[in-house]
Amino acid sequence: MSTSSQHQFRYTQTPSKVLHLRNLPWECSEEELRELCKPFGKIVNTKCNVGANRNQAFVEFVDLNQAISMVSYYASSSEPAMVRGKTVYIQYSNRHEIVNNKSPGDIPGNVLLVTIEGVEAGDVSIDVIHLVFSAFGFVHKIATFEKTAGFQALIQFTDAETASAARDALDGRSIPRYLLPAHVGSCNLRISYSAHKDLNIKFQSNRSRDYTNPMLPVNYTAIEGTVQTAIGPDGKRKEPESNVLLASIENMQYAVTVDVLHTVFSAFGTVQKIAIFEKNGQTQALIQYPDVMTAAAAREALEGHCIYDGGYCKLHLSYSRHTDLNVKAFSDKSRDYTVPDPSLVAAQGPATAWQNPQAAPMYHGSAPAYHTQVPGGQWDPSLQAVRPSYISAPGTFQASSPLASSPIGHNANPTGIAQSGVPRNVNLQPSGALLSVPGSSPLVQTSQAAQGLVQPNARTGAASPPGQHYYA
DNA sequence: AGCACA
């Protein structure tokens with residue numbers, strides 16, 4: 001039964017629909033490969049840049065006879081198979097199909113993900129990007145953003161063919177020097193396909209454009225960028241207030257879930273939406289209130305405080321530039337409390353429903369593969385980046401208040417749990433420590449937040465503390 | 001110039 005003991009000698013290779021090609025030129029493109037092989041039949045799949053030297057490739061024909069015809073042709077031809085002047089050696093592959101391990105970025109679509117290497121966001125304007133990519137067809141929308149990978153842009157074309165033409169022509173190339181500021185050396189473009197079909201552009205700004213919708217409101221704040229930050233009376237930069245808070249969570253020893261945040265921030269008013277994401281390796285969250293006043297109250301009370309005792313999960317709060325988050329309603333990283341919660345409906349039915357909110361019928365399978373929000377429940381800041389920015393103002397966190405090292409509600413905790421070193425969500429109560437911060441209003445829905453969602457998480461160990469007690 | 005990926 002063992003196939004591994006079969007002879008693999010070159011002259012006894014059995015024909016296969018898949019051909020193995022070697023000695024290809026450097027960075028041989030799929031197009032070049034197809035040009036060489038298509039006279040012999042219909043190509044169903046290819047794989048380029050294979051092997052340590054990336055100079056091998058595979059081609060799969062739809063029919064075995066087509067592969068045979070190509071091998072026999074070059075076996076008897078006086079002219080060898082050539083690509084870019086290099087002789088290409090062709091033989092049957094020892095496999096019978098190409099396993100398509102194309103990464104998502106290689107699956108063609110009408111939206112390109114462009115990484116502009118070696119530049120900062122301010123170096124390449126959206127107009128330059130538009131100019132460069134318009135050479136290949138009508139650019140519908142552009143969204144730019146900065147992530148760990150660098151300065152990136154999503155560029156939406158009419159169709160995959162146009163996008164593909166732009167990618168083939170520009171991938172690995174640089175934006176012409178005369179379109180760049182003098183201090184920028186080279187800036188190579190790395191281009192892959194985005195899974196997105198239609199970008200969700202909210203404003204015309206210096207970071208995003210929708211060329212199909214001239215009626216779209218202009219976000220002047222975003223356009224004017226950083227000069228917009230006002231100067232406070234103390235001379236410090238003062239970010240414009242917002243109804244949306246950006247929470248940066250430091251010393252994340254324990255899991256900080258949407259439910260935990262909801263519990264904490266609901267102490268000050270209705271929390272409309274929450275989104276948790278990673279930025280530069282740090283966990284951050286956006287918390288949306290209905291109005292600026294509530295957000296300001298929450299910011300004032302919570303800044304510098306820790307969610308858990310012992311200095312864990314310390315909150316730094318600033319105002320986001322967002323005013324309305326666009327988040328998936330029920331995912332593990334985001335919640336929109338303004339839409340009906342199916343788990344609440346479920347809770348009124350089966351008695352066990354509340355114990356495991358994850359089991360409640362939420363989004364399973366209902367998200368289309370190419371929804372503008374990321375499949376799989378992840379909240380992807382890059383998508384949201386069609387809006388101005390995620391960081392309201394990096395580095396402008398205020399110095400910690402005198403209470404900064406004390407846990408939230410430390411002074412107001414009637415239970416004394418704070419002294420135990422136990423994370424508070426192990427014992428969250430409707431009026432528990434986290435919710436008793438001075439100035440808070442008791443608006444938390446007890447059945448929903450405290451019992452239904454937070455406690456089960458604690459039981460499952462998602463945020464269980466290590467055993468040590470710091471006061472032992 | 002000699003077989004991918006998991």
# chains A, B, ... in the order shown; residues from 1 in each chain; ligands from 1
$ interface_residues --of "chain A" --to "chain B" --cutoff "12 Å" --atoms "only C-alpha atoms (C1' of nucleotides)" --output "MDAnalysis selection string"
chainID A and resid 8:10 18:25 46:59 86:103
$ select_by_dssp --residues "range 57-101 of chain A" --states "strand (DSSP E or B)" --output "JSON, numbers by chain"
{"A": [57, 58, 59, 60, 61, 82, 83, 86, 87, 89, 90, 91, 92]}
$ write_last_selection --atoms "N, CA and C atoms" --output "PDB file, in the first residue's frame"
ATOM      1  N   ALA A  57       8.074  26.170 -10.861  1.00  0.00           N
ATOM      2  CA  ALA A  57       6.637  26.448 -10.921  1.00  0.00           C
ATOM      3  C   ALA A  57       5.889  25.178 -11.258  1.00  0.00           C
ATOM      4  N   PHE A  58       4.613  25.208 -11.017  1.00  0.00           N
ATOM      5  CA  PHE A  58       3.733  24.117 -11.408  1.00  0.00           C
ATOM      6  C   PHE A  58       2.603  24.676 -12.249  1.00  0.00           C
ATOM      7  N   VAL A  59       2.221  23.847 -13.211  1.00  0.00           N
ATOM      8  CA  VAL A  59       1.076  24.203 -14.046  1.00  0.00           C
ATOM      9  C   VAL A  59       0.169  22.997 -14.098  1.00  0.00           C
ATOM     10  N   GLU A  60      -1.088  23.213 -13.888  1.00  0.00           N
ATOM     11  CA  GLU A  60      -2.050  22.108 -13.979  1.00  0.00           C
ATOM     12  C   GLU A  60      -2.975  22.339 -15.151  1.00  0.00           C
ATOM     13  N   PHE A  61      -3.009  21.355 -16.059  1.00  0.00           N
ATOM     14  CA  PHE A  61      -3.941  21.420 -17.179  1.00  0.00           C
ATOM     15  C   PHE A  61      -5.249  20.750 -16.784  1.00  0.00           C
ATOM     16  N   MET A  82      11.284  28.216 -23.469  1.00  0.00           N
ATOM     17  CA  MET A  82      12.037  29.363 -22.957  1.00  0.00           C
ATOM     18  C   MET A  82      11.097  30.394 -22.344  1.00  0.00           C
ATOM     19  N   VAL A  83      11.565  30.988 -21.274  1.00  0.00           N
ATOM     20  CA  VAL A  83      10.909  32.166 -20.706  1.00  0.00           C
ATOM     21  C   VAL A  83      11.983  33.214 -20.485  1.00  0.00           C
ATOM     22  N   LYS A  86      15.519  32.187 -20.970  1.00  0.00           N
ATOM     23  CA  LYS A  86      16.069  31.071 -20.210  1.00  0.00           C
ATOM     24  C   LYS A  86      15.388  29.767 -20.607  1.00  0.00           C
ATOM     25  N   THR A  87      16.187  28.741 -20.747  1.00  0.00           N
ATOM     26  CA  THR A  87      15.624  27.433 -21.046  1.00  0.00           C
ATOM     27  C   THR A  87      14.888  26.897 -19.821  1.00  0.00           C
ATOM     28  N   TYR A  89      12.997  23.737 -18.043  1.00  0.00           N
ATOM     29  CA  TYR A  89      12.917  22.280 -18.068  1.00  0.00           C
ATOM     30  C   TYR A  89      11.575  21.834 -17.525  1.00  0.00           C
ATOM     31  N   ILE A  90      10.972  20.946 -18.299  1.00  0.00           N
ATOM     32  CA  ILE A  90       9.595  20.568 -17.984  1.00  0.00           C
ATOM     33  C   ILE A  90       9.515  19.066 -17.757  1.00  0.00           C
ATOM     34  N   GLN A  91       8.829  18.683 -16.719  1.00  0.00           N
ATOM     35  CA  GLN A  91       8.559  17.255 -16.507  1.00  0.00           C
ATOM     36  C   GLN A  91       7.230  17.109 -15.793  1.00  0.00           C
ATOM     37  N   TYR A  92       6.768  15.887 -15.750  1.00  0.00           N
ATOM     38  CA  TYR A  92       5.532  15.645 -15.006  1.00  0.00           C
ATOM     39  C   TYR A  92       5.809  15.818 -13.520  1.00  0.00           C
TER      40      TYR A  92
END
$ atom_distance --atom1 "CA of Val244 in chain A" --atom2 "CA of Arg335 in chain A"
14.0 Å
$ atom_distance --atom1 "CA of Glu239 in chain A" --atom2 "CA of Ile129 in chain A"
29.0 Å
$ atom_distance --atom1 "CA of Tyr337 in chain A" --atom2 "CA of Gln272 in chain A"
5.1 Å
$ select_by_dssp --residues "range 20-187 of chain A" --states "helix (DSSP H, G or I)" --output "ChimeraX atom specification"
/A:30-40,64-76,104-106,121-123,126-134,160-170,177-179
